[in-house]
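S.K.: File follows, structure_9.tsv with TSV, N, CA and C atoms:
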chain	number	residue	atom	x	y	z
A	1	ASP	N	99.39	111.25	113.60
A	1	ASP	CA	97.99	111.18	114.01
A	1	ASP	C	97.81	110.19	115.16
A	2	LEU	N	98.55	109.08	115.12
A	2	LEU	CA	98.38	108.08	116.18
A	2	LEU	C	98.83	108.62	117.53
A	3	THR	N	100.00	109.27	117.57
A	3	THR	CA	100.46	109.79	118.86
A	3	THR	C	99.54	110.89	119.37
A	4	GLU	N	98.98	111.68	118.48
A	4	GLU	CA	98.02	112.71	118.90
A	4	GLU	C	96.76	112.08	119.48
A	5	ASP	N	96.46	110.84	119.08
A	5	ASP	CA	95.29	110.13	119.59
A	5	ASP	C	95.62	109.28	120.81
A	6	GLY	N	96.84	109.38	121.34
A	6	GLY	CA	97.18	108.68	122.58
A	6	GLY	C	98.00	107.42	122.41
A	7	PHE	N	98.39	107.10	121.18
A	7	PHE	CA	99.23	105.92	120.96
A	7	PHE	C	100.67	106.24	121.34
A	8	THR	N	101.41	105.20	121.73
A	8	THR	CA	102.83	105.31	122.02
A	8	THR	C	103.59	104.43	121.03
A	9	ALA	N	104.57	105.02	120.36
A	9	ALA	CA	105.37	104.27	119.39
A	9	ALA	C	106.27	103.29	120.13
A	10	ASN	N	106.45	102.11	119.56
A	10	ASN	CA	107.35	101.11	120.11
A	10	ASN	C	108.78	101.54	119.82
A	11	PRO	N	109.65	101.67	120.83
A	11	PRO	CA	111.02	102.13	120.58
A	11	PRO	C	111.86	101.14	119.78
A	12	CYS	N	111.49	99.86	119.78
A	12	CYS	CA	112.25	98.84	119.04
A	12	CYS	C	111.74	98.66	117.62
A	13	ASN	N	110.49	99.04	117.37
A	13	ASN	CA	109.90	98.92	116.04
A	13	ASN	C	109.07	100.17	115.77
A	14	PRO	N	109.62	101.14	115.05
A	14	PRO	CA	108.92	102.41	114.86
A	14	PRO	C	107.65	102.32	114.02
A	15	CYS	N	107.34	101.14	113.48
A	15	CYS	CA	106.10	100.96	112.71
A	15	CYS	C	105.06	100.22	113.52
A	16	THR	N	105.17	100.30	114.85
A	16	THR	CA	104.22	99.69	115.76
A	16	THR	C	103.90	100.70	116.85
A	17	ALA	N	102.62	100.84	117.16
A	17	ALA	CA	102.21	101.74	118.22
A	17	ALA	C	101.08	101.08	119.01
A	18	THR	N	101.02	101.39	120.30
A	18	THR	CA	100.00	100.82	121.16
A	18	THR	C	99.31	101.91	121.97
A	19	LYS	N	98.11	101.58	122.42
A	19	LYS	CA	97.32	102.50	123.22
A	19	LYS	C	96.47	101.67	124.17
A	20	ASP	N	96.40	102.07	125.44
A	20	ASP	CA	95.53	101.39	126.39
A	20	ASP	C	94.11	101.88	126.15
A	21	THR	N	93.20	100.95	125.84
A	21	THR	CA	91.80	101.28	125.57
A	21	THR	C	90.93	100.30	126.34
A	22	ASN	N	90.14	100.83	127.25
A	22	ASN	CA	89.28	100.00	128.10
A	22	ASN	C	90.07	98.93	128.85
A	23	GLY	N	91.27	99.27	129.30
A	23	GLY	CA	92.09	98.35	130.08
A	23	GLY	C	92.81	97.29	129.26
A	24	LYS	N	92.69	97.34	127.94
A	24	LYS	CA	93.34	96.37	127.07
A	24	LYS	C	94.15	97.10	126.00
A	25	GLN	N	95.10	96.41	125.40
A	25	GLN	CA	95.99	97.02	124.42
A	25	GLN	C	95.37	97.06	123.02
A	26	LEU	N	95.34	98.25	122.46
A	26	LEU	CA	95.00	98.44	121.05
A	26	LEU	C	96.32	98.60	120.33
A	27	MET	N	96.59	97.74	119.35
A	27	MET	CA	97.88	97.78	118.66
A	27	MET	C	97.69	98.06	117.19
A	28	ALA	N	98.52	98.93	116.66
A	28	ALA	CA	98.53	99.26	115.24
A	28	ALA	C	99.94	98.97	114.71
A	29	VAL	N	99.99	98.23	113.60
A	29	VAL	CA	101.25	97.90	112.92
A	29	VAL	C	101.06	98.30	111.47
A	30	TRP	N	102.05	98.97	110.86
A	30	TRP	CA	101.88	99.43	109.50
A	30	TRP	C	103.15	99.35	108.69
A	31	HIS	N	102.96	99.39	107.37
A	31	HIS	CA	104.05	99.48	106.40
A	31	HIS	C	103.48	100.22	105.19
A	32	VAL	N	104.00	101.35	104.88
A	32	VAL	CA	103.56	102.22	103.78
A	32	VAL	C	102.07	102.50	103.96
A	33	ASP	N	101.21	101.89	103.13
A	33	ASP	CA	99.78	102.18	103.26
A	33	ASP	C	98.97	100.97	103.74
A	34	ASP	N	99.65	99.96	104.29
A	34	ASP	CA	98.97	98.81	104.88
A	34	ASP	C	99.02	98.94	106.39
A	35	LEU	N	97.87	98.76	107.03
A	35	LEU	CA	97.77	98.90	108.48
A	35	LEU	C	97.04	97.70	109.04
A	36	LYS	N	97.54	97.16	110.13
A	36	LYS	CA	96.88	96.07	110.84
A	36	LYS	C	96.63	96.58	112.26
A	37	VAL	N	95.40	96.45	112.72
A	37	VAL	CA	95.05	96.89	114.06
A	37	VAL	C	94.36	95.75	114.79
A	38	SER	N	94.63	95.62	116.08
A	38	SER	CA	93.99	94.55	116.84
A	38	SER	C	93.65	95.02	118.25
A	39	HIS	N	92.54	94.50	118.75
A	39	HIS	CA	92.07	94.73	120.11
A	39	HIS	C	91.11	93.60	120.44
A	40	ILE	N	90.99	93.25	121.68
A	40	ILE	CA	90.10	92.17	122.08
A	40	ILE	C	88.63	92.49	121.78
A	41	SER	N	88.30	93.78	121.73
A	41	SER	CA	86.93	94.21	121.47
A	41	SER	C	86.75	94.65	120.02
A	42	GLY	N	85.84	94.01	119.31
A	42	GLY	CA	85.53	94.41	117.94
A	42	GLY	C	84.99	95.82	117.87
A	43	LYS	N	84.29	96.26	118.92
A	43	LYS	CA	83.74	97.62	118.96
A	43	LYS	C	84.86	98.66	118.93
A	44	ILE	N	85.94	98.39	119.65
A	44	ILE	CA	87.08	99.31	119.66
A	44	ILE	C	87.72	99.36	118.28
A	45	VAL	N	87.84	98.22	117.61
A	45	VAL	CA	88.39	98.18	116.24
A	45	VAL	C	87.47	98.98	115.31
A	46	ASP	N	86.15	98.84	115.46
A	46	ASP	CA	85.20	99.62	114.65
A	46	ASP	C	85.41	101.12	114.86
A	47	GLN	N	85.56	101.53	116.11
A	47	GLN	CA	85.78	102.95	116.41
A	47	GLN	C	87.08	103.45	115.80
A	48	PHE	N	88.13	102.63	115.86
A	48	PHE	CA	89.41	103.01	115.25
A	48	PHE	C	89.26	103.14	113.74
A	49	THR	N	88.56	102.20	113.12
A	49	THR	CA	88.35	102.24	111.67
A	49	THR	C	87.58	103.50	111.27
A	50	GLN	N	86.56	103.85	112.03
A	50	GLN	CA	85.80	105.08	111.76
A	50	GLN	C	86.69	106.31	111.92
A	51	TRP	N	87.54	106.31	112.92
A	51	TRP	CA	88.46	107.43	113.14
A	51	TRP	C	89.43	107.56	111.96
A	52	MET	N	89.95	106.40	111.49
A	52	MET	CA	90.86	106.42	110.35
A	52	MET	C	90.15	106.93	109.09
A	53	GLU	N	88.92	106.50	108.86
A	53	GLU	CA	88.16	106.96	107.70
A	53	GLU	C	87.94	108.47	107.77
A	54	LYS	N	87.63	108.96	108.95
A	54	LYS	CA	87.40	110.40	109.12
A	54	LYS	C	88.69	111.19	108.86
A	55	LYS	N	89.83	110.65	109.31
A	55	LYS	CA	91.12	111.34	109.15
A	55	LYS	C	91.70	111.19	107.74
A	56	HIS	N	91.54	109.99	107.12
A	56	HIS	CA	92.29	109.70	105.90
A	56	HIS	C	91.46	109.24	104.71
A	57	GLY	N	90.16	109.04	104.90
A	57	GLY	CA	89.32	108.66	103.77
A	57	GLY	C	89.19	109.84	102.81
A	58	ASP	N	89.16	109.54	101.53
A	58	ASP	CA	89.10	110.60	100.53
A	58	ASP	C	88.30	110.09	99.34
A	59	PRO	N	87.29	110.84	98.89
A	59	PRO	CA	86.50	110.37	97.75
A	59	PRO	C	87.32	110.17	96.48
A	60	LYS	N	88.40	110.93	96.33
A	60	LYS	CA	89.22	110.81	95.11
A	60	LYS	C	90.19	109.64	95.18
A	61	THR	N	90.82	109.43	96.32
A	61	THR	CA	91.84	108.39	96.42
A	61	THR	C	91.31	107.09	97.03
A	62	GLY	N	90.18	107.13	97.66
A	62	GLY	CA	89.58	105.90	98.20
A	62	GLY	C	89.26	105.98	99.66
A	63	LYS	N	88.41	105.06	100.06
A	63	LYS	CA	88.00	104.95	101.45
A	63	LYS	C	88.95	104.02	102.20
A	64	VAL	N	88.94	104.15	103.50
A	64	VAL	CA	89.67	103.22	104.35
A	64	VAL	C	88.90	101.91	104.32
A	65	LYS	N	89.60	100.82	104.03
A	65	LYS	CA	88.96	99.51	103.93
A	65	LYS	C	89.37	98.66	105.12
A	66	ALA	N	88.42	97.94	105.67
A	66	ALA	CA	88.68	97.05	106.79
A	66	ALA	C	88.27	95.64	106.42
A	67	LYS	N	89.06	94.68	106.86
A	67	LYS	CA	88.74	93.27	106.64
A	67	LYS	C	88.69	92.59	108.00
A	68	ARG	N	87.66	91.81	108.20
A	68	ARG	CA	87.50	91.08	109.45
A	68	ARG	C	87.43	89.60	109.16
A	69	GLY	N	87.73	88.82	110.14
A	69	GLY	CA	87.62	87.39	110.00
A	69	GLY	C	88.77	86.68	110.66
A	70	LYS	N	88.82	85.38	110.47
A	70	LYS	CA	89.83	84.57	111.14
A	70	LYS	C	91.07	84.33	110.28
A	71	SER	N	91.04	84.80	109.03
A	71	SER	CA	92.20	84.66	108.16
A	71	SER	C	92.52	86.03	107.57
A	72	HIS	N	93.79	86.42	107.66
A	72	HIS	CA	94.20	87.74	107.20
A	72	HIS	C	95.48	87.67	106.39
A	73	GLU	N	95.57	88.51	105.36
A	73	GLU	CA	96.79	88.65	104.58
A	73	GLU	C	97.31	90.07	104.82
A	74	HIS	N	98.55	90.17	105.22
A	74	HIS	CA	99.18	91.47	105.48
A	74	HIS	C	100.62	91.39	105.01
A	75	LEU	N	100.96	92.16	103.97
A	75	LEU	CA	102.32	92.23	103.44
A	75	LEU	C	102.84	90.86	103.02
A	76	GLY	N	101.99	90.06	102.38
A	76	GLY	CA	102.41	88.77	101.87
A	76	GLY	C	102.42	87.64	102.88
A	77	VAL	N	101.99	87.92	104.10
A	77	VAL	CA	101.93	86.90	105.14
A	77	VAL	C	100.46	86.64	105.46
A	78	THR	N	100.04	85.38	105.36
A	78	THR	CA	98.68	85.01	105.70
A	78	THR	C	98.68	84.39	107.09
A	79	SER	N	97.86	84.91	107.98
A	79	SER	CA	97.71	84.32	109.31
A	79	SER	C	96.30	83.77	109.43
A	80	ASP	N	96.21	82.54	109.90
A	80	ASP	CA	94.95	81.83	110.01
A	80	ASP	C	94.70	81.52	111.48
A	81	HIS	N	93.57	82.01	111.99
A	81	HIS	CA	93.22	81.83	113.40
A	81	HIS	C	91.94	81.01	113.54
A	82	VAL	N	91.72	80.06	112.64
A	82	VAL	CA	90.46	79.30	112.62
A	82	VAL	C	90.32	78.41	113.86
A	83	MET	N	91.39	77.73	114.24
A	83	MET	CA	91.34	76.86	115.42
A	83	MET	C	91.62	77.69	116.68
A	84	PRO	N	90.73	77.64	117.68
A	84	PRO	CA	90.96	78.40	118.91
A	84	PRO	C	92.30	78.04	119.55
A	85	GLY	N	93.07	79.06	119.88
A	85	GLY	CA	94.37	78.87	120.51
A	85	GLY	C	95.47	78.45	119.55
A	86	ASP	N	95.18	78.43	118.26
A	86	ASP	CA	96.15	77.99	117.25
A	86	ASP	C	96.24	79.04	116.15
A	87	MET	N	97.44	79.31	115.67
A	87	MET	CA	97.61	80.23	114.57
A	87	MET	C	98.57	79.62	113.56
A	88	LYS	N	98.19	79.66	112.29
A	88	LYS	CA	99.03	79.15	111.22
A	88	LYS	C	99.49	80.32	110.36
A	89	ILE	N	100.76	80.31	110.00
A	89	ILE	CA	101.36	81.36	109.19
A	89	ILE	C	101.77	80.77	107.84
A	90	ASP	N	101.46	81.48	106.76
A	90	ASP	CA	101.83	81.03	105.42
A	90	ASP	C	102.43	82.22	104.68
A	91	MET	N	103.63	82.02	104.14
A	91	MET	CA	104.29	83.07	103.38
A	91	MET	C	104.60	82.58	101.97
A	92	ALA	N	103.74	81.75	101.41
A	92	ALA	CA	103.97	81.18	100.07
A	92	ALA	C	104.00	82.28	99.02
Could the structure of this file be written out as structure tokens, please?
M.R.:
Amino acid sequence: DLTEDGFTANPCNPCTATKDTNGKQLMAVWHVDDLKVSHISGKIVDQFTQWMEKKHGDPKTGKVKAKRGKSHEHLGVTSDHVMPGDMKIDMA
């Protein structure tokens, strides 16, 4: 679905894909059913989330869920972006 939407898979990491959107990189990274997406514009992330819900949301199995904020947990790794220009990683 991602390549059909214009994403290009990373040749060194097949679970990463990027797409140029409004002159900036939209990046998607995934493992099984966990997906992390990033773009400088929150509006672009919203549009991607809506696209994912339309493609993969299902009343029986669940909706696509999105989490926003300065702290994120993805595959057991917590990244904290509270301080501007600083990122803390925790894998406890």
S.K.: Excluding Val82 (chain A) and residues on its chain fewer than 5 positions from it, collect all residues at most 8 Å away from it, counting only N, CA and C atoms, and give them as number ranges by chain.
M.R.: A: 69-71, 87-88
S.K.: Going by DSSP on the backbone, which bits of chain A are alpha helix (DSSP H)? Write them as a ChimeraX atom specification, please.
M.R.: /A:42-56
S.K.: With a distance cut-off of 10 Å and only C-alpha atoms, select the neighbouring residues of region 50-65 of chain A, excluding the residue or stretch itself and same-chain residues fewer than 2 positions from it, and output the selection as a PDB file with N, CA and C atoms, in the coordinates of the input.
M.R.:
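selection_4.pdb, freshly written:
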ATOM      1  N   ASP A   1      99.390 111.250 113.600  1.00  0.00           N
ATOM      2  CA  ASP A   1      97.990 111.180 114.010  1.00  0.00           C
ATOM      3  C   ASP A   1      97.810 110.190 115.160  1.00  0.00           C
ATOM      4  N   LEU A   2      98.550 109.080 115.120  1.00  0.00           N
ATOM      5  CA  LEU A   2      98.380 108.080 116.180  1.00  0.00           C
ATOM      6  C   LEU A   2      98.830 108.620 117.530  1.00  0.00           C
ATOM      7  N   ASP A   5      96.460 110.840 119.080  1.00  0.00           N
ATOM      8  CA  ASP A   5      95.290 110.130 119.590  1.00  0.00           C
ATOM      9  C   ASP A   5      95.620 109.280 120.810  1.00  0.00           C
ATOM     10  N   LEU A  35      97.870  98.760 107.030  1.00  0.00           N
ATOM     11  CA  LEU A  35      97.770  98.900 108.480  1.00  0.00           C
ATOM     12  C   LEU A  35      97.040  97.700 109.040  1.00  0.00           C
ATOM     13  N   ILE A  44      85.940  98.390 119.650  1.00  0.00           N
ATOM     14  CA  ILE A  44      87.080  99.310 119.660  1.00  0.00           C
ATOM     15  C   ILE A  44      87.720  99.360 118.280  1.00  0.00           C
ATOM     16  N   VAL A  45      87.840  98.220 117.610  1.00  0.00           N
ATOM     17  CA  VAL A  45      88.390  98.180 116.240  1.00  0.00           C
ATOM     18  C   VAL A  45      87.470  98.980 115.310  1.00  0.00           C
ATOM     19  N   ASP A  46      86.150  98.840 115.460  1.00  0.00           N
ATOM     20  CA  ASP A  46      85.200  99.620 114.650  1.00  0.00           C
ATOM     21  C   ASP A  46      85.410 101.120 114.860  1.00  0.00           C
ATOM     22  N   GLN A  47      85.560 101.530 116.110  1.00  0.00           N
ATOM     23  CA  GLN A  47      85.780 102.950 116.410  1.00  0.00           C
ATOM     24  C   GLN A  47      87.080 103.450 115.800  1.00  0.00           C
ATOM     25  N   PHE A  48      88.130 102.630 115.860  1.00  0.00           N
ATOM     26  CA  PHE A  48      89.410 103.010 115.250  1.00  0.00           C
ATOM     27  C   PHE A  48      89.260 103.140 113.740  1.00  0.00           C
ATOM     28  N   LYS A  67      89.060  94.680 106.860  1.00  0.00           N
ATOM     29  CA  LYS A  67      88.740  93.270 106.640  1.00  0.00           C
ATOM     30  C   LYS A  67      88.690  92.590 108.000  1.00  0.00           C
TER      31      LYS A  67
END
S.K.: So what do you get for atom N of Ser79 (chain A) versus atom N of Met91 (chain A), distance-wise?
M.R.: 7.5 Å
S.K.: So which residues of chain A fall under strand (DSSP E or B) by DSSP, listed as number ranges by chain?
M.R.: A: 8-9, 16-21, 24-31, 34-38, 58, 62, 71-74, 77-80, 88-90
S.K.: Could you please determine the separation between CA of Cys15 (chain A) and CA of Val29 (chain A) in Å, to one decimal place?
M.R.: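 Value for the CA of Cys15 (chain A)-CA of Val29 (chain A) distance: 5.7 Å.
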S.K.: I need every residue sitting at most 8 Å from the point (96.6, 100.7, 122.0) (coordinates as in the file, all atoms listed in the file considered), written as a PyMOL selection string.
M.R.: chain A and resi 6-8+17-21+24-28+38-39
S.K.: Any idea what the distance is between atom C of Ser41 (chain A) and CA of Pro11 (chain A)?
M.R.: 25.4 Å
S.K.: So, with only C-alpha atoms as the atoms that count, which of A:Gly23, A:Lys43, A:Thr3, A:Lys36 lies closest to Leu75 (chain A)?
M.R.: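 Checking each of A:Gly23, A:Lys43, A:Thr3, A:Lys36 against Leu75 (chain A), counting only C-alpha atoms, the winner is A:Lys36.
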S.K.: Take region 78-90 of chain A, model N, CA, C and O atoms, and hand the result over as a PDB file, keeping the file's coordinate frame.
M.R.:
ATOM      1  N   THR A  78     100.040  85.380 105.360  1.00  0.00           N
ATOM      2  CA  THR A  78      98.680  85.010 105.700  1.00  0.00           C
ATOM      3  C   THR A  78      98.680  84.390 107.090  1.00  0.00           C
ATOM      4  O   THR A  78      99.456  83.451 107.353  1.00  0.00           O
ATOM      5  N   SER A  79      97.860  84.910 107.980  1.00  0.00           N
ATOM      6  CA  SER A  79      97.710  84.320 109.310  1.00  0.00           C
ATOM      7  C   SER A  79      96.300  83.770 109.430  1.00  0.00           C
ATOM      8  O   SER A  79      95.327  84.435 109.086  1.00  0.00           O
ATOM      9  N   ASP A  80      96.210  82.540 109.900  1.00  0.00           N
ATOM     10  CA  ASP A  80      94.950  81.830 110.010  1.00  0.00           C
ATOM     11  C   ASP A  80      94.700  81.520 111.480  1.00  0.00           C
ATOM     12  O   ASP A  80      95.511  80.866 112.125  1.00  0.00           O
ATOM     13  N   HIS A  81      93.570  82.010 111.990  1.00  0.00           N
ATOM     14  CA  HIS A  81      93.220  81.830 113.400  1.00  0.00           C
ATOM     15  C   HIS A  81      91.940  81.010 113.540  1.00  0.00           C
ATOM     16  O   HIS A  81      91.152  81.246 114.435  1.00  0.00           O
ATOM     17  N   VAL A  82      91.720  80.060 112.640  1.00  0.00           N
ATOM     18  CA  VAL A  82      90.460  79.300 112.620  1.00  0.00           C
ATOM     19  C   VAL A  82      90.320  78.410 113.860  1.00  0.00           C
ATOM     20  O   VAL A  82      89.270  78.345 114.473  1.00  0.00           O
ATOM     21  N   MET A  83      91.390  77.730 114.240  1.00  0.00           N
ATOM     22  CA  MET A  83      91.340  76.860 115.420  1.00  0.00           C
ATOM     23  C   MET A  83      91.620  77.690 116.680  1.00  0.00           C
ATOM     24  O   MET A  83      92.618  78.389 116.738  1.00  0.00           O
ATOM     25  N   PRO A  84      90.730  77.640 117.680  1.00  0.00           N
ATOM     26  CA  PRO A  84      90.960  78.400 118.910  1.00  0.00           C
ATOM     27  C   PRO A  84      92.300  78.040 119.550  1.00  0.00           C
ATOM     28  O   PRO A  84      92.650  76.864 119.671  1.00  0.00           O
ATOM     29  N   GLY A  85      93.070  79.060 119.880  1.00  0.00           N
ATOM     30  CA  GLY A  85      94.370  78.870 120.510  1.00  0.00           C
ATOM     31  C   GLY A  85      95.470  78.450 119.550  1.00  0.00           C
ATOM     32  O   GLY A  85      96.589  78.168 119.970  1.00  0.00           O
ATOM     33  N   ASP A  86      95.180  78.430 118.260  1.00  0.00           N
ATOM     34  CA  ASP A  86      96.150  77.990 117.250  1.00  0.00           C
ATOM     35  C   ASP A  86      96.240  79.040 116.150  1.00  0.00           C
ATOM     36  O   ASP A  86      95.245  79.615 115.757  1.00  0.00           O
ATOM     37  N   MET A  87      97.440  79.310 115.670  1.00  0.00           N
ATOM     38  CA  MET A  87      97.610  80.230 114.570  1.00  0.00           C
ATOM     39  C   MET A  87      98.570  79.620 113.560  1.00  0.00           C
ATOM     40  O   MET A  87      99.627  79.092 113.931  1.00  0.00           O
ATOM     41  N   LYS A  88      98.190  79.660 112.290  1.00  0.00           N
ATOM     42  CA  LYS A  88      99.030  79.150 111.220  1.00  0.00           C
ATOM     43  C   LYS A  88      99.490  80.320 110.360  1.00  0.00           C
ATOM     44  O   LYS A  88      98.709  81.196 110.053  1.00  0.00           O
ATOM     45  N   ILE A  89     100.760  80.310 110.000  1.00  0.00           N
ATOM     46  CA  ILE A  89     101.360  81.360 109.190  1.00  0.00           C
ATOM     47  C   ILE A  89     101.770  80.770 107.840  1.00  0.00           C
ATOM     48  O   ILE A  89     102.374  79.702 107.789  1.00  0.00           O
ATOM     49  N   ASP A  90     101.460  81.480 106.760  1.00  0.00           N
ATOM     50  CA  ASP A  90     101.830  81.030 105.420  1.00  0.00           C
ATOM     51  C   ASP A  90     102.430  82.220 104.680  1.00  0.00           C
ATOM     52  O   ASP A  90     101.827  83.287 104.606  1.00  0.00           O
TER      53      ASP A  90
END
